[in-house]
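One file, entry-v3.tsv, carrying TSV, C-alpha atoms:
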```tsv
chain	number	residue	atom	x	y	z
A	423	MET	CA	-3.84	18.98	-28.86
A	424	MET	CA	-4.25	20.22	-25.28
A	425	PRO	CA	-4.71	17.54	-22.57
A	426	LEU	CA	-8.21	17.10	-21.18
A	427	ILE	CA	-7.67	18.50	-17.68
A	428	PRO	CA	-10.82	19.55	-15.76
A	429	THR	CA	-10.86	22.61	-13.52
A	430	PRO	CA	-10.12	21.65	-9.88
A	431	ASP	CA	-12.85	22.17	-7.28
A	432	THR	CA	-12.50	24.78	-4.55
A	433	ILE	CA	-11.44	23.50	-1.14
A	434	PRO	CA	-12.73	24.59	2.31
A	435	THR	CA	-9.35	25.44	3.84
A	436	HIS	CA	-5.69	25.77	2.92
A	437	TRP	CA	-4.35	22.80	0.95
A	438	GLY	CA	-1.56	22.31	3.51
A	439	TYR	CA	-4.00	20.77	6.00
A	440	PHE	CA	-5.11	18.14	3.51
A	441	GLN	CA	-1.54	17.50	2.44
A	442	PHE	CA	-0.55	16.94	6.07
A	443	PHE	CA	-3.33	14.43	6.67
A	444	LEU	CA	-2.60	12.66	3.38
A	445	LEU	CA	1.02	12.16	4.41
A	446	LEU	CA	-0.06	11.18	7.93
A	447	THR	CA	-2.63	8.54	7.02
A	448	PHE	CA	-1.02	6.96	3.96
A	449	PRO	CA	1.86	5.25	5.84
A	450	LEU	CA	-0.68	3.59	8.16
A	451	HIS	CA	-2.56	2.22	5.16
A	452	LEU	CA	0.69	0.99	3.63
A	453	LEU	CA	1.70	-0.85	6.80
A	454	PHE	CA	-1.49	-2.91	6.87
A	455	MET	CA	-1.56	-3.34	3.09
A	456	ASN	CA	1.97	-4.75	3.19
A	457	ALA	CA	1.13	-6.98	6.14
A	458	LEU	CA	-1.94	-8.26	4.27
A	459	LEU	CA	-0.17	-8.98	0.99
A	460	GLY	CA	2.86	-10.51	2.65
A	461	SER	CA	0.80	-12.67	5.01
A	462	THR	CA	-1.28	-14.00	2.12
A	463	VAL	CA	1.79	-14.80	0.02
A	464	ILE	CA	3.59	-16.43	2.96
A	465	ALA	CA	0.52	-18.41	4.04
A	466	THR	CA	0.21	-19.75	0.49
A	467	TYR	CA	3.89	-20.70	0.49
A	468	MET	CA	3.62	-22.33	3.93
A	469	HIS	CA	0.57	-24.35	2.86
A	470	LEU	CA	2.33	-25.57	-0.28
A	471	LYS	CA	5.44	-26.45	1.72
A	472	GLY	CA	3.36	-29.12	3.36
A	473	SER	CA	5.19	-29.83	6.62
A	474	THR	CA	3.25	-30.04	9.85
A	475	GLN	CA	4.83	-26.85	11.22
A	476	SER	CA	4.43	-24.86	8.01
A	477	ARG	CA	0.75	-25.82	7.73
A	478	ALA	CA	0.27	-24.82	11.37
A	479	LEU	CA	1.73	-21.41	10.54
A	480	ALA	CA	-0.55	-21.14	7.50
A	481	TYR	CA	-3.50	-21.78	9.78
A	482	GLU	CA	-2.37	-19.11	12.24
A	483	LEU	CA	-2.06	-16.61	9.39
A	484	ALA	CA	-5.47	-17.67	8.07
A	485	LYS	CA	-7.01	-16.38	11.29
A	486	VAL	CA	-5.49	-12.91	10.93
A	487	ILE	CA	-5.78	-12.29	7.15
A	488	PRO	CA	-9.51	-11.29	7.23
A	489	LEU	CA	-8.71	-8.76	9.97
A	490	LEU	CA	-5.87	-7.33	7.89
A	491	ILE	CA	-8.21	-6.94	4.91
A	492	ALA	CA	-10.66	-4.93	7.01
A	493	LEU	CA	-7.92	-2.70	8.45
A	494	THR	CA	-6.28	-2.18	5.05
A	495	VAL	CA	-9.53	-1.11	3.41
A	496	ASN	CA	-10.64	1.15	6.24
A	497	LEU	CA	-7.26	2.81	6.66
A	498	GLY	CA	-7.10	3.31	2.90
A	499	VAL	CA	-10.26	5.41	2.83
A	500	ALA	CA	-8.78	8.50	4.51
A	501	PRO	CA	-5.67	8.95	2.31
A	502	PHE	CA	-7.71	8.33	-0.83
A	503	LEU	CA	-10.24	10.97	0.22
A	504	PHE	CA	-7.46	13.48	0.88
A	505	LEU	CA	-5.95	12.60	-2.50
A	506	GLN	CA	-9.33	13.31	-4.10
A	507	VAL	CA	-9.57	16.70	-2.36
A	508	LEU	CA	-6.17	17.77	-3.64
A	509	TYR	CA	-5.95	15.97	-6.98
A	510	GLY	CA	-9.56	14.98	-7.60
A	511	HIS	CA	-9.79	16.49	-11.07
A	512	LEU	CA	-6.78	14.37	-12.07
A	513	VAL	CA	-7.54	11.06	-10.36
A	514	TYR	CA	-11.20	11.13	-11.46
A	515	SER	CA	-10.09	11.61	-15.05
A	516	SER	CA	-7.62	8.74	-14.94
A	517	SER	CA	-10.28	6.58	-13.23
A	518	VAL	CA	-12.71	7.23	-16.09
A	519	LEU	CA	-10.11	6.25	-18.68
A	520	MET	CA	-9.63	2.84	-17.02
A	521	GLY	CA	-13.19	2.75	-15.67
A	522	MET	CA	-14.02	-0.89	-16.40
A	523	PHE	CA	-10.85	-2.19	-14.73
A	524	TRP	CA	-11.20	0.33	-11.90
A	525	LEU	CA	-14.78	-0.66	-11.07
A	526	MET	CA	-13.78	-4.33	-11.10
A	527	ILE	CA	-11.73	-3.66	-7.96
A	528	ILE	CA	-14.87	-3.86	-5.81
A	529	PRO	CA	-16.09	-7.34	-6.89
A	530	VAL	CA	-12.50	-8.64	-6.91
A	531	LEU	CA	-12.00	-7.34	-3.36
A	532	LEU	CA	-15.27	-8.92	-2.19
A	533	ALA	CA	-14.32	-12.24	-3.77
A	534	ALA	CA	-10.86	-12.14	-2.16
A	535	TYR	CA	-12.43	-11.23	1.20
A	536	TYR	CA	-14.82	-14.19	0.94
A	537	ALA	CA	-11.98	-16.51	-0.07
A	538	ALA	CA	-9.93	-15.41	2.95
A	539	TYR	CA	-12.82	-16.11	5.32
A	540	LEU	CA	-13.50	-19.45	3.65
A	541	TYR	CA	-9.84	-20.43	4.02
A	542	ASP	CA	-9.97	-19.46	7.70
A	543	PHE	CA	-13.25	-21.11	8.70
A	544	LYS	CA	-12.88	-24.26	6.55
A	545	PHE	CA	-9.12	-24.71	6.85
A	546	PHE	CA	-9.28	-28.34	8.00
A	547	THR	CA	-12.08	-29.44	5.68
A	548	LEU	CA	-11.02	-27.85	2.37
A	549	GLY	CA	-8.17	-30.28	1.87
A	550	ARG	CA	-6.11	-29.63	-1.23
A	551	TYR	CA	-8.59	-26.96	-2.39
A	552	GLY	CA	-7.65	-24.72	0.52
A	553	VAL	CA	-4.41	-23.49	-0.96
A	554	ALA	CA	-6.12	-22.88	-4.33
A	555	ILE	CA	-8.72	-20.69	-2.61
A	556	LEU	CA	-6.04	-18.70	-0.78
A	557	PHE	CA	-4.05	-18.37	-4.01
A	558	CYS	CA	-7.14	-16.88	-5.68
A	559	ALA	CA	-7.34	-14.32	-2.86
A	560	CYS	CA	-3.66	-13.54	-3.42
A	561	LEU	CA	-4.27	-13.03	-7.15
A	562	GLY	CA	-7.14	-10.69	-6.27
A	563	PHE	CA	-4.86	-8.54	-4.11
A	564	LEU	CA	-2.23	-8.47	-6.87
A	565	TYR	CA	-4.91	-7.36	-9.37
A	566	ILE	CA	-6.03	-4.54	-7.08
A	567	GLY	CA	-2.43	-3.41	-6.60
A	568	PHE	CA	-1.85	-3.39	-10.35
A	569	MET	CA	-4.94	-1.28	-11.00
A	570	LEU	CA	-3.99	1.17	-8.27
A	571	SER	CA	-0.53	1.50	-9.80
A	572	ASN	CA	-2.13	2.07	-13.20
A	573	ASN	CA	-4.40	4.78	-11.86
A	574	MET	CA	-1.76	6.54	-9.77
A	575	THR	CA	0.63	6.67	-12.75
A	576	LEU	CA	-2.03	7.53	-15.31
A	577	MET	CA	-3.11	10.59	-13.30
A	578	LEU	CA	0.47	11.88	-13.62
A	579	HIS	CA	0.28	11.96	-17.43
A	580	PRO	CA	-2.57	14.24	-18.56
A	581	GLU	CA	-0.89	14.44	-21.96
A	582	THR	CA	-2.05	10.86	-22.61
A	583	TRP	CA	-5.70	11.44	-21.75
A	584	ASN	CA	-6.61	12.38	-25.31
A	585	ALA	CA	-6.76	8.63	-25.82
A	586	TYR	CA	-10.31	8.96	-24.46
A	587	LEU	CA	-11.33	10.47	-27.79
A	588	GLU	CA	-10.50	7.15	-29.46
A	589	ASN	CA	-11.34	4.81	-26.57
A	590	SER	CA	-14.23	5.88	-24.35
A	591	ARG	CA	-15.05	2.35	-23.19
A	592	GLY	CA	-13.04	2.63	-19.97
A	593	THR	CA	-10.44	0.05	-21.00
A	594	PHE	CA	-7.36	2.28	-21.27
A	595	LEU	CA	-4.35	1.23	-19.17
A	596	ASN	CA	-1.07	3.05	-18.65
A	597	THR	CA	1.05	0.21	-20.02
A	598	ALA	CA	3.11	2.54	-22.23
A	599	ASP	CA	4.66	4.11	-19.10
A	600	VAL	CA	8.08	2.53	-18.56
A	601	THR	CA	7.83	3.16	-14.82
A	602	LEU	CA	4.61	1.17	-14.39
A	603	TRP	CA	6.10	-2.29	-13.92
A	604	PRO	CA	9.02	-1.31	-11.64
A	605	ARG	CA	6.63	0.84	-9.60
A	606	TYR	CA	4.15	-2.02	-9.28
A	607	LEU	CA	6.82	-4.57	-8.38
A	608	HIS	CA	8.34	-2.07	-5.95
A	609	PHE	CA	5.06	-2.12	-4.02
A	610	MET	CA	4.31	-5.83	-4.35
A	611	ILE	CA	7.78	-7.16	-3.49
A	612	GLY	CA	8.15	-4.56	-0.77
A	613	GLY	CA	4.74	-5.56	0.58
A	614	SER	CA	5.75	-9.21	0.64
A	615	ALA	CA	8.97	-8.30	2.47
A	616	VAL	CA	7.12	-6.29	5.10
A	617	GLY	CA	4.71	-9.20	5.38
A	618	GLY	CA	7.67	-11.33	6.44
A	619	LEU	CA	8.41	-8.87	9.23
A	620	PHE	CA	4.76	-8.95	10.25
A	621	VAL	CA	4.88	-12.75	10.42
A	622	SER	CA	7.92	-12.44	12.70
A	623	LEU	CA	6.07	-10.06	14.98
A	624	TYR	CA	3.03	-12.31	14.94
A	625	GLY	CA	5.31	-15.21	15.80
A	626	ARG	CA	6.39	-13.39	18.94
A	627	TRP	CA	2.72	-13.03	19.81
A	628	ILE	CA	1.85	-16.71	19.42
A	629	THR	CA	4.86	-17.89	21.44
A	630	ARG	CA	2.66	-17.29	24.46
A	631	ASN	CA	0.65	-20.38	23.51
A	632	ASP	CA	3.05	-22.33	21.30
A	633	ARG	CA	6.72	-21.45	21.65
A	634	SER	CA	7.89	-23.85	18.97
A	635	LEU	CA	5.50	-22.51	16.35
A	636	GLY	CA	6.14	-18.90	17.40
A	637	ASP	CA	9.90	-19.33	17.06
A	638	TYR	CA	9.42	-20.96	13.66
A	639	ALA	CA	7.20	-18.07	12.49
A	640	SER	CA	9.68	-15.46	13.69
A	641	ALA	CA	12.66	-17.17	12.08
A	642	THR	CA	10.84	-17.81	8.80
A	643	GLY	CA	9.47	-14.27	8.66
A	644	MET	CA	12.84	-12.62	9.23
A	645	LYS	CA	14.50	-14.85	6.65
A	646	LEU	CA	11.91	-13.87	4.04
A	647	PHE	CA	12.04	-10.22	5.10
A	648	PHE	CA	15.79	-10.02	4.61
A	649	GLY	CA	15.80	-11.91	1.31
A	650	LEU	CA	12.90	-10.02	-0.23
A	651	THR	CA	14.38	-6.70	0.92
A	652	LEU	CA	17.48	-7.47	-1.13
A	653	VAL	CA	15.26	-8.14	-4.15
A	654	GLN	CA	13.39	-4.92	-3.38
A	655	ILE	CA	16.65	-2.96	-3.55
A	656	ALA	CA	17.26	-4.23	-7.09
A	657	VAL	CA	13.71	-3.31	-8.12
A	658	GLY	CA	14.09	0.10	-6.48
A	659	ILE	CA	17.20	0.80	-8.56
A	660	TRP	CA	15.26	-0.23	-11.67
A	661	PHE	CA	12.43	2.11	-10.68
A	662	LEU	CA	14.82	5.01	-10.08
A	663	LEU	CA	16.58	4.52	-13.42
A	664	ALA	CA	13.23	4.23	-15.24
A	665	LEU	CA	12.14	7.69	-14.06
A	666	PRO	CA	12.48	10.57	-16.53
A	667	GLN	CA	15.68	12.50	-15.93
A	668	ALA	CA	13.90	15.59	-14.59
A	669	GLN	CA	12.08	13.55	-11.94
A	670	ARG	CA	15.12	11.43	-11.11
A	671	MET	CA	17.25	14.53	-10.54
A	672	LEU	CA	14.81	15.73	-7.86
A	673	PHE	CA	16.50	13.20	-5.57
A	674	MET	CA	20.01	14.01	-6.72
A	675	GLY	CA	20.28	17.69	-5.91
A	676	GLY	CA	17.44	19.08	-7.99
A	677	ASN	CA	15.30	19.60	-4.89
A	678	ASN	CA	17.02	19.94	-1.51
A	679	LEU	CA	14.19	18.43	0.55
A	680	ALA	CA	13.62	15.57	-1.90
A	681	THR	CA	17.36	14.84	-1.91
A	682	LEU	CA	17.43	14.90	1.89
A	683	CYS	CA	14.55	12.41	2.01
A	684	PHE	CA	16.42	10.17	-0.44
A	685	VAL	CA	19.62	10.26	1.64
A	686	VAL	CA	17.69	9.56	4.84
A	687	ALA	CA	15.91	6.66	3.11
A	688	LEU	CA	19.26	5.17	2.02
A	689	LEU	CA	20.66	5.43	5.54
A	690	LEU	CA	17.54	3.85	7.02
A	691	LEU	CA	17.68	1.09	4.40
A	692	ALA	CA	21.29	0.29	5.30
A	693	THR	CA	20.34	0.22	8.98
A	694	LEU	CA	17.36	-2.01	8.21
A	695	LEU	CA	19.55	-4.55	6.42
A	696	VAL	CA	21.80	-4.74	9.48
A	697	THR	CA	18.95	-5.17	11.96
A	698	ALA	CA	17.23	-7.71	9.70
A	699	PHE	CA	20.43	-9.72	9.24
A	700	LYS	CA	20.86	-9.80	13.03
A	701	LYS	CA	17.19	-10.84	13.35
A	702	LYS	CA	16.32	-7.90	15.60
A	703	ILE	CA	12.58	-7.88	15.03
A	704	TYR	CA	11.52	-4.84	17.05
A	705	ALA	CA	14.45	-2.70	15.91
A	706	SER	CA	13.68	-3.63	12.29
A	707	THR	CA	10.05	-2.64	12.79
A	708	ALA	CA	11.00	0.79	14.14
A	709	VAL	CA	13.49	1.43	11.32
A	710	LEU	CA	11.02	0.19	8.74
A	711	PHE	CA	8.37	2.66	9.85
A	712	GLY	CA	10.85	5.53	9.50
A	713	LEU	CA	11.86	4.26	6.05
A	714	LEU	CA	8.23	3.99	5.02
A	715	CYS	CA	7.56	7.61	6.04
A	716	ALA	CA	10.63	8.80	4.10
A	717	MET	CA	9.46	6.93	1.00
A	718	VAL	CA	5.96	8.41	1.30
A	719	LEU	CA	7.53	11.87	1.28
A	720	MET	CA	9.63	10.92	-1.74
A	721	ARG	CA	6.50	9.70	-3.49
A	722	ASP	CA	4.87	13.07	-2.87
A	723	PHE	CA	7.84	14.96	-4.29
A	724	LEU	CA	7.78	12.68	-7.32
A	725	ARG	CA	4.08	13.30	-7.92
A	726	SER	CA	4.58	17.07	-7.71
A	727	GLY	CA	7.53	16.83	-10.09
A	728	TYR	CA	5.47	14.97	-12.68
A	729	LEU	CA	2.55	17.41	-12.48
A	730	GLN	CA	4.32	20.75	-12.18
A	731	GLU	CA	3.76	21.60	-15.86
A	732	HIS	CA	0.02	20.93	-15.56
A	733	PHE	CA	-0.98	21.58	-11.95
A	734	THR	CA	0.40	22.66	-8.59
A	735	LEU	CA	-1.39	22.72	-5.25
A	736	GLU	CA	-0.99	26.49	-5.11
A	737	MET	CA	-3.52	26.67	-7.97
A	738	LEU	CA	-6.33	25.42	-5.69
A	739	LYS	CA	-8.86	28.06	-4.71
A	740	VAL	CA	-10.13	28.25	-1.13
A	741	ALA	CA	-13.74	28.95	-0.06
A	742	PRO	CA	-13.28	29.10	3.75
A	743	GLU	CA	-15.41	26.63	5.72
A	744	TYR	CA	-13.74	25.17	8.81
A	745	SER	CA	-16.53	23.12	10.41
A	746	PRO	CA	-15.91	20.02	8.21
A	747	LEU	CA	-12.24	20.04	9.25
A	748	ILE	CA	-13.16	20.26	12.95
A	749	LEU	CA	-15.68	17.43	12.58
A	750	PHE	CA	-13.06	15.33	10.82
A	751	LEU	CA	-10.51	15.86	13.60
A	752	VAL	CA	-13.01	14.80	16.26
A	753	THR	CA	-14.04	11.77	14.21
A	754	LEU	CA	-10.40	10.87	13.59
A	755	VAL	CA	-9.56	10.77	17.30
A	756	VAL	CA	-12.63	8.67	18.13
A	757	GLY	CA	-12.03	6.40	15.14
A	758	LEU	CA	-8.39	5.74	16.05
A	759	ALA	CA	-9.43	4.85	19.59
A	760	LEU	CA	-12.03	2.40	18.26
A	761	VAL	CA	-9.54	0.84	15.83
A	762	ALA	CA	-7.02	0.39	18.62
A	763	TRP	CA	-9.68	-1.33	20.73
A	764	MET	CA	-10.73	-3.52	17.80
A	765	VAL	CA	-7.16	-4.62	17.06
A	766	ARG	CA	-6.55	-5.45	20.70
A	767	ALA	CA	-9.79	-7.43	20.93
A	768	ALA	CA	-9.08	-9.31	17.69
A	769	LEU	CA	-5.52	-10.20	18.70
A	770	THR	CA	-6.78	-11.41	22.06
A	771	ARG	CA	-9.26	-13.67	20.25
A	772	CYS	CA	-6.54	-14.97	17.92
A	773	SER	CA	-4.36	-15.91	20.85
A	774	ASP	CA	-7.12	-17.90	22.57
```
Would you write out, as structure tokens, the structure that this file holds?
Amino acid sequence: MMPLIPTPDTIPTHWGYFQFFLLLTFPLHLLFMNALLGSTVIATYMHLKGSTQSRALAYELAKVIPLLIALTVNLGVAPFLFLQVLYGHLVYSSSVLMGMFWLMIIPVLLAAYYAAYLYDFKFFTLGRYGVAILFCACLGFLYIGFMLSNNMTLMLHPETWNAYLENSRGTFLNTADVTLWPRYLHFMIGGSAVGGLFVSLYGRWITRNDRSLGDYASATGMKLFFGLTLVQIAVGIWFLLALPQAQRMLFMGGNNLATLCFVVALLLLATLLVTAFKKKIYASTAVLFGLLCAMVLMRDFLRSGYLQEHFTLEMLKVAPEYSPLILFLVTLVVGLALVAWMVRAALTRCSD
């Protein structure tokens, strides 16, 4: 039986523009998503640890977590829209298959957002319930990540979509895919590791008002960053080995550019381990951003490799209309300026 693949919509300009902006905006979303997940996990751990200094760090993170949620969501809109332009007929189909779980992302996100604000504003009055509330927010973020991983892997397997003929209730998940769990853990553990680096950077910020707490945050964050990065390497090897041979070989000589990205990523990873071990926070941040960009490119090559038998971007038809692209570029510049101002204003408030 042929897979149920809809016909892709026409696009207003060459697909390369949308591909460029997808690859440009997605790393920014990942940075804040990782900072959010890692900060929530670390704040929960610090609260449970129970010492005066660890609870003080949990409180400092409580003040920044709601801001990270807002930035993560807003910076996730652009790459998801570009994904829809290029692969909309695929991602909409996979979203319908898991529709009930997919739609639950919105109420779960709202509940986690509320829990984060409650933990921030009522930190000193919640008592022992505070950590439970933050843990619920953490579970919400983990749920959202799992559903995103389900959708992004399910869209790569149109041959499984015939399951809709037997299950049209929107409860189909891609659990039969052997890459689902290593992919999901690759994001979640990696996000927690990057969160450790964010805590270190944030520690440098708060040393202006409390040197002892700032130094504690920086040291704790780098320790967690280094340790979780080692775990992430093991999960990454699992993920690589779980890939079908055709997709795995893309990074081992099957595609020159994909292989180059893989080699660059390995070199950056080795450099990152050195800078993290030496507790060089700013150097680690710079290397991490380069590594993140390399991995985003690898992810794109992997997606194309999975879909090449069903769909390639060259199959998209163009109906020229350039005014939306121009409007987007203008809006993007203004929006980035406003976000920069908002981050600066929020960090200034947090330091007061």
Within 10 Å of segment 601-617 of chain A using all atoms listed in the file, minus same-chain residues under 4 positions, as a VMD selection string: chain A and resid 452 to 464 563 to 564 567 to 572 574 to 576 596 to 597 621 to 623 643 to 666 707 710
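With distances restricted to all atoms listed in the file, A:Ala768 is the closest residue to Lys485 of chain A from A:Ala559, A:Ala705, A:Ala768, A:Leu587.
Remark: for Pro434 of chain A, the closest of the candidate residues A:Tyr744, A:Trp524, A:Tyr586, A:Tyr536 is A:Tyr744 (distances computed over all atoms listed in the file).
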Minimum-distance residue to Ala692 of chain A, chosen among A:Leu540, A:Val709, A:Leu450, A:Ala639 (using all atoms listed in the file):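 Counting all atoms listed in the file, the residue closest to Ala692 of chain A is A:Val709.
By all atoms listed in the file, and with residues fewer than 6 positions from Gly625 of chain A along its chain excluded, the set lying at most 10 Å from it is A:Leu479, A:Glu482, A:Leu483, A:Leu619, A:Asp632, A:Arg633, A:Ser634, A:Leu635, A:Gly636, A:Asp637, A:Tyr638, A:Ala639, A:Ser640, A:Ala641, A:Thr642, A:Gly643.
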Length of the atom CA of Tyr509 of chain A to atom CA of Pro430 of chain A vector [Å]: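 Atom CA of Tyr509 of chain A sits 7.6 Å away from atom CA of Pro430 of chain A.
In terms of minimum interatomic distance to Cys715 of chain A, A:Ala687 ranks closest within A:Leu694, A:Ala687, A:Val740, A:Met577, counting all atoms listed in the file.
Atom CA of Met720 of chain A sits 10.7 Å away from atom CA of Leu445 of chain A.
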